[in-house]
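Okay, so here's the structure we're looking at.
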Amino acid sequence: MVKPKPGTPPNAECEGCGQPFFAWPYRLKSGRGRFCSFKCAANRPERKTPAAVRFWRYVDKRGPGECWNWTGYIGQHGYGTLTCPDDPAFVRTAHTLSYEIHHARPPKGLFVCHRCNNRRCVNPAHLYLGTPSQNQLDRRAAGNDNGGERNGRAKLTDEQFRKISADTRPGAIVAKEFGVSRHYVYQIRGRATARARLLNTGEEPVPAN
Ligand SMILES: [Zn+2]
Ligand SMILES: [Zn+2]
């Protein structure tokens with residue numbers, strides 16, 4: 001969104017926080033420009049229904065053993081999301097919210113994983129708490145991940161990935177030995193380092209790709 005020049009006098013009053021603010025005239029003309037910020041807009045009275053109630057509006061609830069697919073917004077990551085203005089996270093993933101509604105809020109560092117490997121699913125019976133690596137392994141086991149040996153375009157086996165990420169020789173030498181480009185070697189090493197940092201373990205990192 002284009003921001004007005006600093007010092008532009010306010011011409012509207014926020015319906016949320018009551019503060020005067022500047023709204024683009026074209027927005028006021030069409031009945032928009034009611035709120036000073038996304039936060040105030042999300043807090044509007046018509047959105048005041050608790051998240052635990054709004055949650056069910058977007059669930060295709062089926063039998064206890066079936067997947068309950070999220071019918072609301074699906075984020076780029078493939079998980080359903082719900083905007084929760086009262087929550088510090090603001091936007092929650094639907095399956096995490098489901099876990100919280102049926103069990104408890106997951107403790108820090110743990111993730112809500114899917115037994116069914118269907119990211120849209122919010123059936124509490126299909127959800128469990130796991131570490132980030134479990135999350136990754138599960139997805140791989142189901143062939144749901146783009147990575148690993150199952151990837152049709154993968155030139156390397158998981159074993160070769162591990163060797164490359166652990167190899168400290170210059171990239172050009174490693175690249176020649178494995179028959180890949182030097183750039184690819186750097187990429188693998190970069191990902192492995194990032195992943196090791198994420199997991200914060202001393203173990204040899206398993207490359208994410
Ligand atoms: Zn406001
Ligand atoms: Zn499921």
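For the structure tokens, the naming scheme is as follows: chains receive sequential letters (A, B, ...) according to their order of presentation, residues are indexed from 1 within each chain, and ligands are indexed from 1 in presentation order.
Residues in contact with ligand 2 (atom pairs separated by at most 7 Å; only C-alpha atoms and all ligand atoms) are Glu66, Cys67, Trp68, His114, Arg115, Cys116, Asn117, Asn118, Cys121, Val122, Asn123 and His126 of chain A.
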Residue subset to file, keeping N, CA and C atoms, as a CSV table (one decimal), in the first residue's frame:
```csv
chain,number,residue,atom,x,y,z
A,66,GLU,N,-11.7,-40.3,9.7
A,66,GLU,CA,-11.4,-39.6,8.4
A,66,GLU,C,-10.7,-38.3,8.6
A,67,CYS,N,-10.2,-37.8,7.5
A,67,CYS,CA,-9.6,-36.5,7.5
A,67,CYS,C,-10.7,-35.4,7.5
A,68,TRP,N,-10.5,-34.4,8.4
A,68,TRP,CA,-11.4,-33.3,8.4
A,68,TRP,C,-10.7,-32.1,7.7
A,114,HIS,N,1.1,-34.2,11.5
A,114,HIS,CA,0.0,-35.0,11.0
A,114,HIS,C,0.3,-36.4,10.8
A,115,ARG,N,-0.5,-37.3,11.4
A,115,ARG,CA,-0.4,-38.8,11.2
A,115,ARG,C,-0.7,-39.1,9.7
A,116,CYS,N,-1.7,-38.3,9.2
A,116,CYS,CA,-2.2,-38.6,7.9
A,116,CYS,C,-1.5,-37.9,6.8
A,117,ASN,N,-0.5,-37.1,7.1
A,117,ASN,CA,0.3,-36.3,6.2
A,117,ASN,C,-0.6,-35.5,5.2
A,118,ASN,N,-1.7,-35.1,5.7
A,118,ASN,CA,-2.6,-34.2,4.9
A,118,ASN,C,-2.6,-32.9,5.6
A,121,CYS,N,-5.7,-31.2,7.0
A,121,CYS,CA,-6.5,-32.0,8.0
A,121,CYS,C,-6.4,-31.4,9.4
A,122,VAL,N,-7.6,-31.2,10.0
A,122,VAL,CA,-7.6,-30.7,11.4
A,122,VAL,C,-8.3,-31.7,12.4
A,123,ASN,N,-8.4,-33.0,11.9
A,123,ASN,CA,-9.0,-34.0,12.8
A,123,ASN,C,-8.0,-34.2,14.0
A,126,HIS,N,-5.8,-37.2,14.2
A,126,HIS,CA,-4.7,-37.3,13.3
A,126,HIS,C,-3.5,-36.5,13.6
```
Q) Using the chain letters and numbers from this document, which residues of stretch 61-194 of chain A does DSSP assign to strand (DSSP E), as a PyMOL selection string? A) chain A and resi 69-70+81-83+91-93+111-114+127-130
Pull N, CA and C atoms from the residues just selected and write them as a JSON list (two decimals), in the first residue's frame.
```json
[["chain", "number", "residue", "atom", "x", "y", "z"],
["A", 69, "ASN", "N", -11.01, -31.90, 6.48],
["A", 69, "ASN", "CA", -10.27, -30.89, 5.72],
["A", 69, "ASN", "C", -10.72, -29.48, 6.04],
["A", 70, "TRP", "N", -9.74, -28.58, 6.03],
["A", 70, "TRP", "CA", -9.98, -27.17, 6.27],
["A", 70, "TRP", "C", -10.55, -26.56, 4.99],
["A", 81, "THR", "N", -5.20, -21.69, 7.54],
["A", 81, "THR", "CA", -4.90, -20.64, 8.51],
["A", 81, "THR", "C", -6.19, -19.93, 8.93],
["A", 82, "LEU", "N", -6.14, -19.33, 10.11],
["A", 82, "LEU", "CA", -7.25, -18.53, 10.61],
["A", 82, "LEU", "C", -6.66, -17.29, 11.28],
["A", 83, "THR", "N", -7.19, -16.14, 10.92],
["A", 83, "THR", "CA", -6.73, -14.91, 11.56],
["A", 83, "THR", "C", -7.36, -14.81, 12.95],
["A", 91, "VAL", "N", -2.01, -14.72, 13.18],
["A", 91, "VAL", "CA", -2.51, -15.72, 12.21],
["A", 91, "VAL", "C", -2.08, -17.09, 12.71],
["A", 92, "ARG", "N", -3.05, -17.98, 12.92],
["A", 92, "ARG", "CA", -2.74, -19.31, 13.43],
["A", 92, "ARG", "C", -2.92, -20.33, 12.31],
["A", 93, "THR", "N", -2.15, -21.41, 12.37],
["A", 93, "THR", "CA", -2.44, -22.50, 11.43],
["A", 93, "THR", "C", -3.60, -23.30, 12.01],
["A", 111, "PHE", "N", 6.05, -29.13, 17.57],
["A", 111, "PHE", "CA", 5.16, -28.83, 16.46],
["A", 111, "PHE", "C", 3.99, -29.81, 16.44],
["A", 112, "VAL", "N", 2.89, -29.34, 15.92],
["A", 112, "VAL", "CA", 1.76, -30.25, 15.72],
["A", 112, "VAL", "C", 1.95, -30.92, 14.36],
["A", 113, "CYS", "N", 2.07, -32.24, 14.37],
["A", 113, "CYS", "CA", 2.34, -32.99, 13.14],
["A", 113, "CYS", "C", 1.09, -33.78, 12.74],
["A", 114, "HIS", "N", 1.09, -34.20, 11.49],
["A", 114, "HIS", "CA", -0.04, -34.97, 10.96],
["A", 114, "HIS", "C", 0.31, -36.45, 10.84],
["A", 127, "LEU", "N", -3.61, -35.74, 14.77],
["A", 127, "LEU", "CA", -2.56, -34.79, 15.14],
["A", 127, "LEU", "C", -1.78, -35.28, 16.35],
["A", 128, "TYR", "N", -0.50, -35.02, 16.33],
["A", 128, "TYR", "CA", 0.33, -35.34, 17.49],
["A", 128, "TYR", "C", 1.45, -34.33, 17.59],
["A", 129, "LEU", "N", 2.04, -34.25, 18.79],
["A", 129, "LEU", "CA", 3.15, -33.31, 18.99],
["A", 129, "LEU", "C", 4.46, -33.96, 18.61],
["A", 130, "GLY", "N", 5.29, -33.23, 17.91],
["A", 130, "GLY", "CA", 6.58, -33.77, 17.52],
["A", 130, "GLY", "C", 7.63, -32.69, 17.42]]
```
Please check which protein, DNA or RNA residues sit within 12 Å of ligand 1, counting only C-alpha atoms and all ligand atoms, and write them as a PDB file with C-alpha atoms, in the first residue's frame.
```pdb
ATOM      1  CA  ALA A  12     -10.800  10.142   9.445  1.00  0.00           C
ATOM      2  CA  GLU A  13     -11.296   8.567  12.831  1.00  0.00           C
ATOM      3  CA  CYS A  14     -10.524   4.903  13.410  1.00  0.00           C
ATOM      4  CA  GLU A  15     -13.609   2.896  14.382  1.00  0.00           C
ATOM      5  CA  GLY A  16     -11.373   0.580  16.332  1.00  0.00           C
ATOM      6  CA  CYS A  17      -8.999   2.616  18.477  1.00  0.00           C
ATOM      7  CA  GLY A  18     -10.650   6.033  17.976  1.00  0.00           C
ATOM      8  CA  GLN A  19      -7.411   7.662  16.831  1.00  0.00           C
ATOM      9  CA  PRO A  20      -7.504  10.185  13.995  1.00  0.00           C
ATOM     10  CA  PHE A  21      -5.659   8.964  10.912  1.00  0.00           C
ATOM     11  CA  PHE A  22      -5.291   9.637   7.214  1.00  0.00           C
ATOM     12  CA  ALA A  23      -7.388   7.554   4.848  1.00  0.00           C
ATOM     13  CA  GLY A  33     -11.068   3.482   5.279  1.00  0.00           C
ATOM     14  CA  ARG A  34     -12.804   2.709   8.558  1.00  0.00           C
ATOM     15  CA  PHE A  35      -9.705   1.568  10.381  1.00  0.00           C
ATOM     16  CA  CYS A  36      -6.226   2.967  10.892  1.00  0.00           C
ATOM     17  CA  SER A  37      -4.423  -0.365  10.668  1.00  0.00           C
ATOM     18  CA  PHE A  38      -4.776  -4.042   9.830  1.00  0.00           C
ATOM     19  CA  LYS A  39      -4.831  -4.746  13.559  1.00  0.00           C
ATOM     20  CA  CYS A  40      -7.811  -2.452  14.185  1.00  0.00           C
ATOM     21  CA  ALA A  41      -9.593  -3.849  11.117  1.00  0.00           C
ATOM     22  CA  ALA A  42      -9.120  -7.404  12.343  1.00  0.00           C
ATOM     23  CA  ASN A  43     -10.471  -6.362  15.746  1.00  0.00           C
ATOM     24  CA  ARG A  44     -13.731  -5.034  14.300  1.00  0.00           C
TER      25      ARG A  44
END
```
Q | Among listed residues A:Pro64, A:Gly75, A:Gly190, A:Pro50, nearest A:Ser165 (using only C-alpha atoms) | A | A:Gly190
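In terms of minimum interatomic distance to A:Tyr73, A:Arg120 ranks closest within A:Val2, A:Arg120, A:Pro132, A:Arg169, counting only C-alpha atoms.
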